[in-house]
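Source file: target.cif (mmCIF, C-alpha atoms)
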data_entry
loop_
_atom_site.group_PDB
_atom_site.id
_atom_site.type_symbol
_atom_site.label_atom_id
_atom_site.label_comp_id
_atom_site.auth_asym_id
_atom_site.auth_seq_id
_atom_site.Cartn_x
_atom_site.Cartn_y
_atom_site.Cartn_z
ATOM 1 C CA MET D 1 0.000 0.000 0.000
ATOM 2 C CA VAL D 2 1.247 3.464 -0.910
ATOM 3 C CA LYS D 3 0.397 6.261 1.507
ATOM 4 C CA ARG D 4 0.879 9.877 0.498
ATOM 5 C CA GLU D 5 0.023 13.254 1.855
ATOM 6 C CA ILE D 6 -1.091 15.321 -1.137
ATOM 7 C CA THR D 7 -1.654 19.075 -1.089
ATOM 8 C CA ILE D 8 -3.794 20.463 -3.903
ATOM 9 C CA ASP D 9 -4.002 24.253 -4.104
ATOM 10 C CA GLY D 10 -3.246 24.514 -0.379
ATOM 11 C CA LYS D 11 -5.631 21.806 0.886
ATOM 12 C CA THR D 12 -4.038 18.607 2.257
ATOM 13 C CA TYR D 13 -5.401 15.081 1.753
ATOM 14 C CA GLN D 14 -4.293 11.680 3.092
ATOM 15 C CA VAL D 15 -4.288 9.207 0.179
ATOM 16 C CA GLU D 16 -3.865 5.414 0.241
ATOM 17 C CA VAL D 17 -3.594 3.248 -2.880
ATOM 18 C CA ASN D 18 -3.085 -0.535 -2.959
ATOM 19 C CA GLU D 19 -2.443 -1.044 -6.667
ATOM 20 C CA CYS D 20 -3.240 0.676 -9.965
ATOM 21 C CA PRO D 21 -3.948 -1.981 -12.601
ATOM 22 C CA ILE D 22 -4.522 -0.643 -16.113
ATOM 23 C CA GLY D 23 -7.956 -1.579 -17.473
ATOM 24 C CA SER D 24 -9.406 -2.783 -14.156
ATOM 25 C CA PRO D 25 -11.154 -0.773 -11.449
ATOM 26 C CA PHE D 26 -9.281 -0.237 -8.185
ATOM 27 C CA SER D 27 -9.967 1.632 -4.974
ATOM 28 C CA ILE D 28 -8.211 4.569 -3.409
ATOM 29 C CA LYS D 29 -8.873 6.057 -0.002
ATOM 30 C CA VAL D 30 -8.826 9.844 0.345
ATOM 31 C CA ASN D 31 -9.244 11.133 3.921
ATOM 32 C CA ASN D 32 -10.882 7.772 4.787
ATOM 33 C CA LYS D 33 -13.405 8.006 1.930
ATOM 34 C CA ILE D 34 -13.220 5.230 -0.718
ATOM 35 C CA PHE D 35 -13.269 6.058 -4.442
ATOM 36 C CA GLU D 36 -13.409 3.599 -7.359
ATOM 37 C CA VAL D 37 -10.868 4.534 -10.018
ATOM 38 C CA MET D 38 -10.151 3.190 -13.490
ATOM 39 C CA LEU D 39 -7.185 3.843 -15.761
ATOM 40 C CA GLU D 40 -8.149 2.564 -19.201
ATOM 41 C CA GLN D 41 -4.659 3.002 -20.670
ATOM 42 C CA GLU D 42 -1.090 3.529 -19.512
ATOM 43 C CA PRO D 43 -0.829 7.203 -18.461
ATOM 44 C CA ASN D 44 0.986 9.508 -20.888
ATOM 45 C CA TYR D 45 1.903 12.349 -18.543
ATOM 46 C CA ALA D 46 3.024 14.730 -21.293
ATOM 47 C CA LYS D 47 -0.103 14.390 -23.466
ATOM 48 C CA GLY D 48 -2.641 13.749 -20.729
ATOM 49 C CA PHE D 49 -4.622 10.649 -19.967
ATOM 50 C CA PRO D 50 -8.228 9.666 -19.229
ATOM 51 C CA ILE D 51 -9.240 8.454 -15.772
ATOM 52 C CA LYS D 52 -12.611 7.565 -14.281
ATOM 53 C CA VAL D 53 -13.437 8.267 -10.635
ATOM 54 C CA ASN D 54 -16.693 6.749 -9.372
ATOM 55 C CA GLY D 55 -17.777 6.392 -13.009
ATOM 56 C CA LYS D 56 -17.138 10.048 -13.957
ATOM 57 C CA ALA D 57 -14.545 10.663 -16.701
ATOM 58 C CA TYR D 58 -11.682 13.147 -16.303
ATOM 59 C CA ASN D 59 -8.672 14.064 -18.437
ATOM 60 C CA VAL D 60 -5.456 14.638 -16.482
ATOM 61 C CA GLU D 61 -2.410 16.524 -17.776
ATOM 62 C CA LEU D 62 0.858 16.853 -15.848
ATOM 63 C CA LYS D 63 3.172 19.680 -16.886
ATOM 64 C CA SER D 64 5.944 18.569 -14.506
ATOM 65 C CA THR D 65 6.644 15.461 -12.446
ATOM 66 C CA ASP D 66 9.375 16.643 -10.050
ATOM 67 C CA LYS D 67 8.303 15.119 -6.728
ATOM 68 C CA ASN D 68 10.451 17.662 -4.840
ATOM 69 C CA ALA D 69 8.553 20.665 -6.230
ATOM 70 C CA PRO D 70 4.893 21.519 -6.787
ATOM 71 C CA ILE D 71 3.532 19.689 -9.818
ATOM 72 C CA SER D 72 1.577 21.703 -12.382
ATOM 73 C CA THR D 73 -1.439 19.697 -13.466
ATOM 74 C CA LYS D 74 -4.752 20.198 -15.222
ATOM 75 C CA VAL D 75 -7.912 18.184 -14.680
ATOM 76 C CA ASN D 76 -10.429 18.766 -17.477
ATOM 77 C CA LYS D 77 -8.328 21.842 -18.420
ATOM 78 C CA VAL D 78 -8.619 23.373 -14.901
ATOM 79 C CA PRO D 79 -5.113 24.068 -13.500
ATOM 80 C CA PHE D 80 -3.978 22.866 -10.043
ATOM 81 C CA LYS D 81 -0.709 22.922 -8.094
ATOM 82 C CA VAL D 82 -0.049 19.557 -6.445
ATOM 83 C CA GLU D 83 2.567 18.669 -3.819
ATOM 84 C CA LEU D 84 3.348 15.056 -2.864
ATOM 85 C CA ARG D 85 4.840 14.002 0.457
ATOM 86 C CA PRO D 86 5.389 10.428 1.601
ATOM 87 C CA VAL D 87 3.804 9.375 4.843
ATOM 88 C CA THR D 88 6.520 7.948 7.077
ATOM 89 C CA VAL D 89 5.734 4.313 7.769
ATOM 90 C CA LYS D 90 6.963 2.907 11.061
ATOM 91 C CA PRO D 91 7.029 -0.832 10.396
ATOM 92 C CA THR D 92 5.607 -3.285 12.880
ATOM 93 C CA ILE D 93 7.511 -6.532 12.515
ATOM 94 C CA THR D 94 6.148 -9.798 13.802
ATOM 95 C CA PRO D 95 6.683 -13.332 12.479
ATOM 96 C CA ALA D 96 3.276 -13.161 10.761
ATOM 97 C CA THR D 97 4.304 -10.134 8.646
ATOM 98 C CA LEU D 98 7.570 -11.601 7.347
ATOM 99 C CA SER D 99 8.138 -13.724 4.274
ATOM 100 C CA PRO D 100 9.839 -17.110 4.856
ATOM 101 C CA VAL D 101 13.090 -15.777 3.321
ATOM 102 C CA SER D 102 13.098 -12.813 5.709
ATOM 103 C CA MET D 103 12.388 -15.075 8.676
ATOM 104 C CA GLN D 104 15.450 -17.192 7.903
ATOM 105 C CA ALA D 105 17.685 -14.109 7.666
ATOM 106 C CA LEU D 106 16.828 -12.888 11.166
ATOM 107 C CA LYS D 107 17.693 -14.057 14.642
ATOM 108 C CA PRO D 108 14.606 -14.549 16.843
ATOM 109 C CA THR D 109 15.595 -11.559 19.013
ATOM 110 C CA GLN D 110 15.458 -9.247 15.974
ATOM 111 C CA LEU D 111 11.853 -9.992 14.998
ATOM 112 C CA ARG D 112 10.285 -7.349 17.215
ATOM 113 C CA GLY D 113 13.163 -4.889 17.386
ATOM 114 C CA GLU D 114 12.350 -1.310 16.522
ATOM 115 C CA GLY D 115 15.576 -1.158 14.531
ATOM 116 C CA VAL D 116 14.232 -3.565 11.917
ATOM 117 C CA ILE D 117 13.215 -1.718 8.768
ATOM 118 C CA ALA D 118 10.926 -3.786 6.575
ATOM 119 C CA ALA D 119 9.303 -3.109 3.219
ATOM 120 C CA PRO D 120 5.843 -1.613 3.866
ATOM 121 C CA MET D 121 4.728 -2.876 0.432
ATOM 122 C CA ALA D 122 5.992 -4.885 -2.523
ATOM 123 C CA GLY D 123 8.167 -2.973 -4.960
ATOM 124 C CA ARG D 124 11.689 -2.383 -6.245
ATOM 125 C CA ILE D 125 14.511 -0.721 -4.326
ATOM 126 C CA ILE D 126 15.649 2.184 -6.503
ATOM 127 C CA SER D 127 18.016 3.902 -4.090
ATOM 128 C CA ILE D 128 19.882 3.078 -0.888
ATOM 129 C CA ARG D 129 20.933 6.295 0.812
ATOM 130 C CA VAL D 130 23.037 4.858 3.646
ATOM 131 C CA LYS D 131 25.835 2.360 4.073
ATOM 132 C CA LYS D 132 26.832 0.014 6.869
ATOM 133 C CA GLY D 133 28.182 2.015 9.816
ATOM 134 C CA ASP D 134 26.365 5.252 8.942
ATOM 135 C CA SER D 135 24.638 7.124 11.772
ATOM 136 C CA VAL D 136 20.937 7.778 11.177
ATOM 137 C CA LYS D 137 18.285 9.779 13.006
ATOM 138 C CA VAL D 138 14.581 9.102 13.411
ATOM 139 C CA GLY D 139 12.844 9.984 10.158
ATOM 140 C CA SER D 140 15.964 10.151 8.006
ATOM 141 C CA VAL D 141 15.467 8.472 4.627
ATOM 142 C CA VAL D 142 17.480 5.248 4.362
ATOM 143 C CA CYS D 143 16.195 3.971 1.009
ATOM 144 C CA VAL D 144 13.609 4.575 -1.695
ATOM 145 C CA LEU D 145 11.123 1.893 -2.766
ATOM 146 C CA GLU D 146 9.283 2.203 -6.068
ATOM 147 C CA ALA D 147 5.795 0.716 -6.077
ATOM 148 C CA MET D 148 3.093 1.371 -8.667
ATOM 149 C CA LYS D 149 5.313 3.979 -10.373
ATOM 150 C CA MET D 150 5.530 6.024 -7.165
ATOM 151 C CA GLU D 151 8.669 6.568 -5.141
ATOM 152 C CA ASN D 152 8.253 5.857 -1.421
ATOM 153 C CA GLU D 153 10.902 7.115 0.963
ATOM 154 C CA ILE D 154 11.580 4.611 3.743
ATOM 155 C CA ALA D 155 12.632 6.323 6.970
ATOM 156 C CA SER D 156 14.553 5.134 10.006
ATOM 157 C CA PRO D 157 12.257 4.412 12.969
ATOM 158 C CA LYS D 158 15.009 5.278 15.483
ATOM 159 C CA ASN D 159 18.337 6.986 16.031
ATOM 160 C CA GLY D 160 21.231 4.602 15.616
ATOM 161 C CA VAL D 161 23.837 3.094 13.333
ATOM 162 C CA VAL D 162 23.192 1.041 10.198
ATOM 163 C CA GLU D 163 24.128 -2.469 11.287
ATOM 164 C CA GLU D 164 23.242 -4.339 8.121
ATOM 165 C CA ILE D 165 21.753 -3.696 4.681
ATOM 166 C CA LYS D 166 19.780 -6.710 3.459
ATOM 167 C CA VAL D 167 18.935 -5.443 -0.077
ATOM 168 C CA GLN D 168 20.604 -3.965 -3.116
ATOM 169 C CA GLU D 169 19.452 -1.289 -5.546
ATOM 170 C CA GLY D 170 17.268 -2.823 -8.246
ATOM 171 C CA LYS D 171 16.124 -5.707 -6.035
ATOM 172 C CA VAL D 172 12.413 -6.540 -5.978
ATOM 173 C CA VAL D 173 11.075 -7.002 -2.445
ATOM 174 C CA ASN D 174 7.821 -8.236 -0.966
ATOM 175 C CA GLU D 175 5.853 -6.543 1.778
ATOM 176 C CA GLY D 176 7.511 -7.418 5.093
ATOM 177 C CA ASP D 177 10.945 -8.246 3.638
ATOM 178 C CA ILE D 178 13.746 -6.875 5.795
ATOM 179 C CA LEU D 179 15.573 -3.969 4.177
ATOM 180 C CA LEU D 180 17.973 -2.736 6.899
ATOM 181 C CA LEU D 181 18.835 -3.245 10.535
ATOM 182 C CA ILE D 182 19.567 -0.254 12.768
ATOM 183 C CA LYS D 183 21.235 -0.729 16.153
#
Will you turn the file into structure tokens for me?
Amino acid sequence: MVKREITIDGKTYQVEVNECPIGSPFSIKVNNKIFEVMLEQEPNYAKGFPIKVNGKAYNVELKSTDKNAPISTKVNKVPFKVELRPVTVKPTITPATLSPVSMQALKPTQLRGEGVIAAPMAGRIISIRVKKGDSVKVGSVVCVLEAMKMENEIASPKNGVVEEIKVQEGKVVNEGDILLLIK
């Protein structure tokens, strides 16, 4: 699941999306309200793309896609400024949330440790921003996980030192797979 805080023309929304299959309806949650969405074709951000929300058709155009700056967009030719911010996910690790491969890689005492950073969703690691031995603070970004064409910054849940990095850039991970250990 991807969680984002999105600000549109100064108003902030909490958005959750599980997956965005092309050609099939999917649900998104905006401020705890569920919407049914359908992308009929792969989005072409430069030319615009059609999208249906609760059965109503819209055309979306993105003039920029820099996630670090406001994004200029138009919906049915009405302009909006959009800002995206990841919601920091503090993973809760228990044996039930780990894949069998992750379980084998951990010692039993590490399963519930707050220094265990696990993938909050399935995706591909596109950037690792720390190395073994680096000091990190609560909330500092340790890696970036791409899921459903969105970049999700994974933050450290505690102050500490990077003890071990369990993934490499480009690796596909499942929800619950261990990414890093912080001591």
Residues selected by the PyMOL selection byres ((chain D and resi 23) around 6), written as an MDAnalysis selection string: chainID D and resid 22 24 39:40
Go through the shown structure with the PyMOL selection byres ((chain D and resi 27) around 12) and write out the matching residues as a PDB file with C-alpha atoms, in the frame of the given file.
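The result, written out as out_35.pdb:
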ATOM      1  CA  MET D   1       0.000   0.000   0.000  1.00  0.00           C
ATOM      2  CA  VAL D  15      -4.288   9.207   0.179  1.00  0.00           C
ATOM      3  CA  GLU D  16      -3.865   5.414   0.241  1.00  0.00           C
ATOM      4  CA  VAL D  17      -3.594   3.248  -2.880  1.00  0.00           C
ATOM      5  CA  ASN D  18      -3.085  -0.535  -2.959  1.00  0.00           C
ATOM      6  CA  GLU D  19      -2.443  -1.044  -6.667  1.00  0.00           C
ATOM      7  CA  CYS D  20      -3.240   0.676  -9.965  1.00  0.00           C
ATOM      8  CA  PRO D  21      -3.948  -1.981 -12.601  1.00  0.00           C
ATOM      9  CA  SER D  24      -9.406  -2.783 -14.156  1.00  0.00           C
ATOM     10  CA  PRO D  25     -11.154  -0.773 -11.449  1.00  0.00           C
ATOM     11  CA  PHE D  26      -9.281  -0.237  -8.185  1.00  0.00           C
ATOM     12  CA  ILE D  28      -8.211   4.569  -3.409  1.00  0.00           C
ATOM     13  CA  LYS D  29      -8.873   6.057  -0.002  1.00  0.00           C
ATOM     14  CA  VAL D  30      -8.826   9.844   0.345  1.00  0.00           C
ATOM     15  CA  ASN D  32     -10.882   7.772   4.787  1.00  0.00           C
ATOM     16  CA  LYS D  33     -13.405   8.006   1.930  1.00  0.00           C
ATOM     17  CA  ILE D  34     -13.220   5.230  -0.718  1.00  0.00           C
ATOM     18  CA  PHE D  35     -13.269   6.058  -4.442  1.00  0.00           C
ATOM     19  CA  GLU D  36     -13.409   3.599  -7.359  1.00  0.00           C
ATOM     20  CA  VAL D  37     -10.868   4.534 -10.018  1.00  0.00           C
ATOM     21  CA  MET D  38     -10.151   3.190 -13.490  1.00  0.00           C
ATOM     22  CA  LEU D  39      -7.185   3.843 -15.761  1.00  0.00           C
ATOM     23  CA  LYS D  52     -12.611   7.565 -14.281  1.00  0.00           C
ATOM     24  CA  VAL D  53     -13.437   8.267 -10.635  1.00  0.00           C
ATOM     25  CA  ASN D  54     -16.693   6.749  -9.372  1.00  0.00           C
TER      26      ASN D  54
END
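The residue that comes closest to Ala118 in chain D, out of D:Lys11, D:Lys166, D:Lys47, D:Lys74 and on the basis of all atoms listed in the file, is D:Lys166.
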Distance of CA of Tyr13 in chain D from CA of Val144 in chain D, expressed in Å to one decimal place: 22.0 Å
Selection result of the PyMOL selection byres ((chain D and resi 134) around 12) on this file, as a list in words: Ile128, Arg129, Val130, Lys131, Lys132, Gly133, Ser135, Val136, Lys137, Ser140, Val142, Ser156, Asn159, Gly160, Val161, Val162, Glu163, Glu164, Ile165, Leu180, Leu181, Ile182 and Lys183 of chain D
Between CA of Thr7 in chain D and CA of Glu83 in chain D, distance in Å (one decimal): 5.0 Å
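Here CA of Pro120 in chain D and CA of Ile51 in chain D stand 26.7 Å from one another.
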Neighbours of point (0.6, 18.6, -11.8) within 8 Å, using only C-alpha atoms, written as number ranges by chain: D: 61-65, 70-74, 80-82
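Residue nearest Ile125 in chain D within the list D:Val167, D:Ala57, D:Ile178, D:Leu145: D:Leu145 [criterion: smallest interatomic distance, all atoms listed in the file].
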Ref. answer, residues at most 10 Å from (14.8, 3.1, -6.8) with all atoms listed in the file, as a PDB file with C-alpha atoms, in the frame of the given file:
ATOM      1  CA  GLY D 123       8.167  -2.973  -4.960  1.00  0.00           C
ATOM      2  CA  ARG D 124      11.689  -2.383  -6.245  1.00  0.00           C
ATOM      3  CA  ILE D 125      14.511  -0.721  -4.326  1.00  0.00           C
ATOM      4  CA  ILE D 126      15.649   2.184  -6.503  1.00  0.00           C
ATOM      5  CA  SER D 127      18.016   3.902  -4.090  1.00  0.00           C
ATOM      6  CA  ILE D 128      19.882   3.078  -0.888  1.00  0.00           C
ATOM      7  CA  CYS D 143      16.195   3.971   1.009  1.00  0.00           C
ATOM      8  CA  VAL D 144      13.609   4.575  -1.695  1.00  0.00           C
ATOM      9  CA  LEU D 145      11.123   1.893  -2.766  1.00  0.00           C
ATOM     10  CA  GLU D 146       9.283   2.203  -6.068  1.00  0.00           C
ATOM     11  CA  ALA D 147       5.795   0.716  -6.077  1.00  0.00           C
ATOM     12  CA  MET D 150       5.530   6.024  -7.165  1.00  0.00           C
ATOM     13  CA  GLU D 151       8.669   6.568  -5.141  1.00  0.00           C
ATOM     14  CA  ASN D 152       8.253   5.857  -1.421  1.00  0.00           C
ATOM     15  CA  GLU D 153      10.902   7.115   0.963  1.00  0.00           C
ATOM     16  CA  GLN D 168      20.604  -3.965  -3.116  1.00  0.00           C
ATOM     17  CA  GLU D 169      19.452  -1.289  -5.546  1.00  0.00           C
ATOM     18  CA  GLY D 170      17.268  -2.823  -8.246  1.00  0.00           C
ATOM     19  CA  LYS D 171      16.124  -5.707  -6.035  1.00  0.00           C
ATOM     20  CA  VAL D 172      12.413  -6.540  -5.978  1.00  0.00           C
TER      21      VAL D 172
END
Given all atoms listed in the file as the counted atoms, nearest of D:Met121, D:Glu42, D:Asp9, D:Asp177 to Val78 in chain D: D:Asp9
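Comparing the minimum interatomic distances between Asn174 in chain D and each of D:Ile6, D:Ala122, D:Val116, D:Val60, counting only C-alpha atoms, we find that D:Ala122 sits nearest.
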Please enclose the listed atoms of range 38-47 of chain D in an axis-aligned box, pad each side by 5 Å, and write out the centre and the three edge lengths in Å, rounded to one decimal, as JSON.
{"center_x": -3.6, "center_y": 8.6, "center_z": -18.5, "size_x": 23.2, "size_y": 22.2, "size_z": 20.0}
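The residue that comes closest to Leu179 in chain D, out of D:Ala155, D:Met148, D:Val141, D:Ile117 and on the basis of all atoms listed in the file, is D:Ile117.
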